[in-house]
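Here is the structure we will look at, set down as structure tokens.
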Amino acid sequence: MAVATAPSSVSLVKKKELGQSYWDLVWYRFKKNRLGVLGAVLLFVLYFSFVVIPEFLAPYALENRSRYVEAPPTPIQFLDEEGRFQAPFVYGLERRVDQVKRLRTWVPDTTKKYPVALFAQGDEYMLLGLIPMNVHLFGLQTSDKDARIFLLGADALGRDYLSRILYGGRLSLMIGLLGQFLTLALGVTLGVISGYYGGPVDMFVQRFTEFLAAFPNIPLFMALSAAIPAFWSPITVYFMLTIILAFLGWGGLARQVRGLVLSLREREYALAAKSFGASDRRIMFRHLLPGTMSHVIVIATLSIPGMILAETALSWLGLGLRPPLTSWGTLLQDAATVRAIRFTPWLLWVVPPILLTILTYNMLGDGLRDALDPYSGRG
């Protein structure tokens with residue numbers, strides 16, 4: 001008599017995978033990639049912190065100036081002079097001038113103590129641009145208007161550097177998203193048209209992409225950015241810089257989409273749609289384009305850091321965003337001198353957020369690259 005055997009766990013998993021849709025398999029594979037999930041979580045935290053609620057996280061407004069010019073980072077104290085534990089507080093700052101080095105310095109003034117409080121009231125702002133508020137994540141609980149807390153130091157105008165990094169991240173992160181959106185719209189559209197029609201259309205699009213690729217990136221960025229009139233408003237300069245970055249970045253995406261469309265247009269479903277009288281536009285954008293989206297998503301994810309770095313480099317060179325706009329690039333420009341590195345090294349604190357953003361995008365891109373090919377043996 002045959003004995004029925006229980007199906008193994010491996011076979012159950014295989015049957016479950018076979019019964020899932022493509023996007024279910026993608027989600028299943030992506031969840032297994034720990035680095036990819038970590039990158040997605042960190043990226044969400046970065047955008048939520050720097051784009052959505054920087055006003056709440058920053059202790060001061062963007063242009064809040066003080067007399068503490070180039071003050072060093074303020075350490076939070078938990079012990080008083082006698083070594084007794086107390087609630088967190090900071091000491092006041094006293095200015096001293098070194099007559100030999102001709103250097104202004106700031107030293108703690110132990111006669112002044114300011115308690116540090118969570119959800120403290122401070123400068124007014126509009127949360128999400130709609131809700132008026134004056135509550136910040138942390139601040140000093142005192143009536144002394146000269147009291148300041150500088151966790152990352154102050155700049156040459158006495159402005160809190162942590163607040164400026166938080167505010168500057170909004171423009172730097174958004175220019176990557178907006179620029180990549182325009183790149184996708186241009187690159188995907190021209191790539192699909194080029195691959196589907198071929199012939200003279202394909203020849204023109206590909207030669208134009210090669211023409212753009214023939215120029216070195218940085219000199220071409222510099223030339224186009226220098227052509228922006230100086231009398232334009234800062235917001236106009238911001239959108240123009242986004243368009244420039246998108247205009248110079250669509251070529252590589254268009255070539256890759258074209259290669260995919262060349263193979264997809266010969267598939268049975270594309271030929272069947274054509275035989276049923278479907279228009280060229282419907283075939284390109286309803287049948288062929290969805291087959292390239294997995295590849296496009298990965299390219300977009302890995303290309304956004306390049307746009308952020310391009311904006312940072314241009315602003316650092318003085319050819320990108322200009323004051324009063326604040327981005328990570330304009331902040332990095334303040335630390336681009338030997339004097340700044342020697343006497344105000346805390347101005348380099350803008351570098352870690354840039355590196356962390358690039359790292360998280362690469363982690364997310366690697367995870368999506370493996371997940372969007374669920375039928376491969378990887379993972």
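Chain labels follow the order of the structure tokens: the first chain is A, the next B, and so on; residue numbering restarts at 1 in every chain, and ligands are counted from 1 in their shown order.
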Would you list the contacts of range 66-70 of chain A as a ChimeraX atom specification, taking every protein, DNA or RNA residue within 12 Å and counting only C-alpha atoms, but skipping same-chain residues closer than 3 positions in sequence?
/A:60-63,73-74,92-96,103-107,145-150,152-161,334-335,339-340,343-347
Could you write out, as an MDAnalysis selection string, all the residues of range 185-272 of chain A that DSSP marks as alpha helix (DSSP H)?
chainID A and resid 185:197 199:213 217:226 234:264 268:272
Within 10 Å of Val351 in chain A, counting only C-alpha atoms, which residues qualify if same-chain residues fewer than 6 places away don't, as a PyMOL selection string?
chain A and resi 165+328-329+331-332
As a PyMOL selection string, please: the residues near range 192-195 of chain A (cut-off 12 Å, only C-alpha atoms, same-chain neighbours under 2 positions excluded).
chain A and resi 184-190+197-209+251+253-266+280-293+296
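Within 8 Å of Val37 in chain A, once only C-alpha atoms are used and residues closer than 4 positions along the same chain are dropped, the contacting residues are Phe30, Lys31, Asn33, Val41, Leu364 and Gly367 of chain A.
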Pick the closest to Ala313 in chain A from A:Pro352, A:Gly249, A:Pro219, A:Gly365: which is it, counting only C-alpha atoms?
A:Pro219
Please give the complete set of residues from range 61-244 of chain A that DSSP, run on the backbone, assigns to strand (DSSP E), formatted as a PyMOL selection string.
chain A and resi 77-79+85-98+103-127+131-140
Write to file, as a short mmCIF file (atom, residue, chain, number, x, y, z; two decimals), in the first residue's frame, the residues of the selection just made, with N, CA and C atoms.
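As written to disk, out.cif reads:
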```cif
data_model
loop_
_atom_site.label_atom_id
_atom_site.label_comp_id
_atom_site.auth_asym_id
_atom_site.auth_seq_id
_atom_site.Cartn_x
_atom_site.Cartn_y
_atom_site.Cartn_z
N GLN A 77 25.80 69.39 28.59
CA GLN A 77 26.35 68.99 29.88
C GLN A 77 25.30 68.22 30.70
N PHE A 78 25.78 67.23 31.45
CA PHE A 78 24.93 66.48 32.38
C PHE A 78 25.45 66.53 33.81
N LEU A 79 26.66 67.08 33.99
CA LEU A 79 27.27 67.18 35.31
C LEU A 79 27.65 68.63 35.58
N PHE A 85 24.98 64.97 38.96
CA PHE A 85 24.16 64.79 37.76
C PHE A 85 23.00 65.77 37.78
N GLN A 86 22.76 66.39 36.61
CA GLN A 86 21.66 67.33 36.46
C GLN A 86 20.95 67.08 35.13
N ALA A 87 19.81 67.71 34.97
CA ALA A 87 19.13 67.68 33.69
C ALA A 87 20.02 68.32 32.63
N PRO A 88 19.90 67.91 31.38
CA PRO A 88 20.80 68.44 30.34
C PRO A 88 20.74 69.96 30.23
N PHE A 89 21.91 70.56 30.11
CA PHE A 89 22.01 72.01 29.99
C PHE A 89 23.26 72.35 29.20
N VAL A 90 23.38 73.60 28.80
CA VAL A 90 24.57 74.10 28.12
C VAL A 90 25.03 75.36 28.82
N TYR A 91 26.32 75.61 28.72
CA TYR A 91 26.87 76.85 29.26
C TYR A 91 26.75 77.96 28.23
N GLY A 92 26.75 79.18 28.71
CA GLY A 92 26.82 80.32 27.81
C GLY A 92 28.20 80.43 27.18
N LEU A 93 28.35 81.32 26.24
CA LEU A 93 29.62 81.50 25.53
C LEU A 93 30.17 82.90 25.80
N GLU A 94 31.46 82.94 26.00
CA GLU A 94 32.15 84.19 26.24
C GLU A 94 33.24 84.36 25.18
N ARG A 95 33.27 85.55 24.57
CA ARG A 95 34.24 85.78 23.49
C ARG A 95 35.58 86.24 24.07
N ARG A 96 36.63 85.67 23.52
CA ARG A 96 37.98 86.08 23.87
C ARG A 96 38.78 86.24 22.59
N VAL A 97 39.77 87.12 22.62
CA VAL A 97 40.60 87.40 21.45
C VAL A 97 42.04 87.09 21.81
N ASP A 98 42.64 86.24 21.02
CA ASP A 98 44.05 85.92 21.18
C ASP A 98 44.86 87.03 20.51
N LEU A 103 43.15 85.98 16.78
CA LEU A 103 42.10 85.01 16.52
C LEU A 103 41.00 85.15 17.57
N ARG A 104 39.74 85.20 17.11
CA ARG A 104 38.60 85.26 18.02
C ARG A 104 38.21 83.84 18.41
N THR A 105 38.03 83.62 19.70
CA THR A 105 37.62 82.32 20.19
C THR A 105 36.44 82.47 21.14
N TRP A 106 35.73 81.36 21.34
CA TRP A 106 34.59 81.33 22.25
C TRP A 106 34.85 80.24 23.29
N VAL A 107 34.72 80.62 24.56
CA VAL A 107 34.95 79.68 25.66
C VAL A 107 33.69 79.61 26.50
N PRO A 108 33.46 78.47 27.17
CA PRO A 108 32.26 78.35 28.02
C PRO A 108 32.27 79.33 29.18
N ASP A 109 31.12 79.92 29.41
CA ASP A 109 30.92 80.81 30.54
C ASP A 109 30.12 80.03 31.59
N THR A 110 30.83 79.51 32.61
CA THR A 110 30.17 78.64 33.59
C THR A 110 29.22 79.37 34.51
N THR A 111 29.21 80.67 34.44
CA THR A 111 28.25 81.43 35.28
C THR A 111 26.86 81.46 34.66
N LYS A 112 26.73 81.04 33.42
CA LYS A 112 25.44 81.03 32.73
C LYS A 112 25.10 79.59 32.33
N LYS A 113 23.97 79.14 32.79
CA LYS A 113 23.49 77.80 32.46
C LYS A 113 22.10 77.90 31.84
N TYR A 114 21.93 77.18 30.74
CA TYR A 114 20.65 77.20 30.04
C TYR A 114 20.15 75.76 29.90
N PRO A 115 19.01 75.41 30.46
CA PRO A 115 18.49 74.05 30.35
C PRO A 115 18.03 73.74 28.92
N VAL A 116 18.32 72.52 28.49
CA VAL A 116 17.90 72.04 27.17
C VAL A 116 16.58 71.29 27.32
N ALA A 117 15.61 71.62 26.51
CA ALA A 117 14.28 71.02 26.62
C ALA A 117 13.83 70.49 25.26
N LEU A 118 13.08 69.40 25.29
CA LEU A 118 12.45 68.88 24.09
C LEU A 118 11.15 69.64 23.83
N PHE A 119 10.82 69.75 22.55
CA PHE A 119 9.60 70.44 22.12
C PHE A 119 9.55 71.85 22.70
N ALA A 120 10.66 72.55 22.52
CA ALA A 120 10.77 73.91 23.04
C ALA A 120 10.20 74.90 22.03
N GLN A 121 9.75 76.03 22.52
CA GLN A 121 9.24 77.09 21.66
C GLN A 121 10.40 77.94 21.15
N GLY A 122 10.26 78.39 19.90
CA GLY A 122 11.32 79.17 19.30
C GLY A 122 10.81 79.97 18.13
N ASP A 123 11.60 80.03 17.04
CA ASP A 123 11.22 80.80 15.86
C ASP A 123 9.96 80.22 15.23
N GLU A 124 9.12 81.10 14.74
CA GLU A 124 7.89 80.67 14.08
C GLU A 124 8.18 80.17 12.67
N TYR A 125 7.38 79.22 12.22
CA TYR A 125 7.54 78.65 10.88
C TYR A 125 6.19 78.07 10.44
N MET A 126 6.13 77.66 9.18
CA MET A 126 4.92 77.05 8.62
C MET A 126 5.23 75.58 8.33
N LEU A 127 4.67 74.69 9.13
CA LEU A 127 4.87 73.27 8.93
C LEU A 127 4.14 72.83 7.67
N ILE A 131 0.70 74.95 8.24
CA ILE A 131 0.35 75.02 9.65
C ILE A 131 1.33 75.94 10.37
N PRO A 132 0.88 77.06 10.93
CA PRO A 132 1.80 77.93 11.68
C PRO A 132 2.16 77.29 13.01
N MET A 133 3.46 77.23 13.29
CA MET A 133 3.94 76.62 14.53
C MET A 133 5.19 77.35 15.01
N ASN A 134 5.51 77.17 16.29
CA ASN A 134 6.75 77.69 16.84
C ASN A 134 7.43 76.68 17.76
N VAL A 135 7.00 75.41 17.68
CA VAL A 135 7.57 74.35 18.50
C VAL A 135 8.64 73.63 17.70
N HIS A 136 9.82 73.46 18.31
CA HIS A 136 10.94 72.76 17.70
C HIS A 136 11.26 71.51 18.51
N LEU A 137 11.95 70.58 17.87
CA LEU A 137 12.26 69.32 18.54
C LEU A 137 13.03 69.54 19.83
N PHE A 138 13.97 70.46 19.82
CA PHE A 138 14.72 70.78 21.03
C PHE A 138 15.10 72.25 20.98
N GLY A 139 15.48 72.78 22.12
CA GLY A 139 15.88 74.18 22.23
C GLY A 139 16.22 74.51 23.66
N LEU A 140 16.49 75.77 23.90
CA LEU A 140 16.84 76.23 25.24
C LEU A 140 15.61 76.80 25.93
#
```
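Going from CA of Ala58 in chain A over to CA of Gly168 in chain A, you cover 11.2 Å.
Counting only C-alpha atoms and comparing A:Val237, A:Val100, A:Leu245, A:Val350, the residue that lies closest to Ser303 in chain A is A:Leu245.
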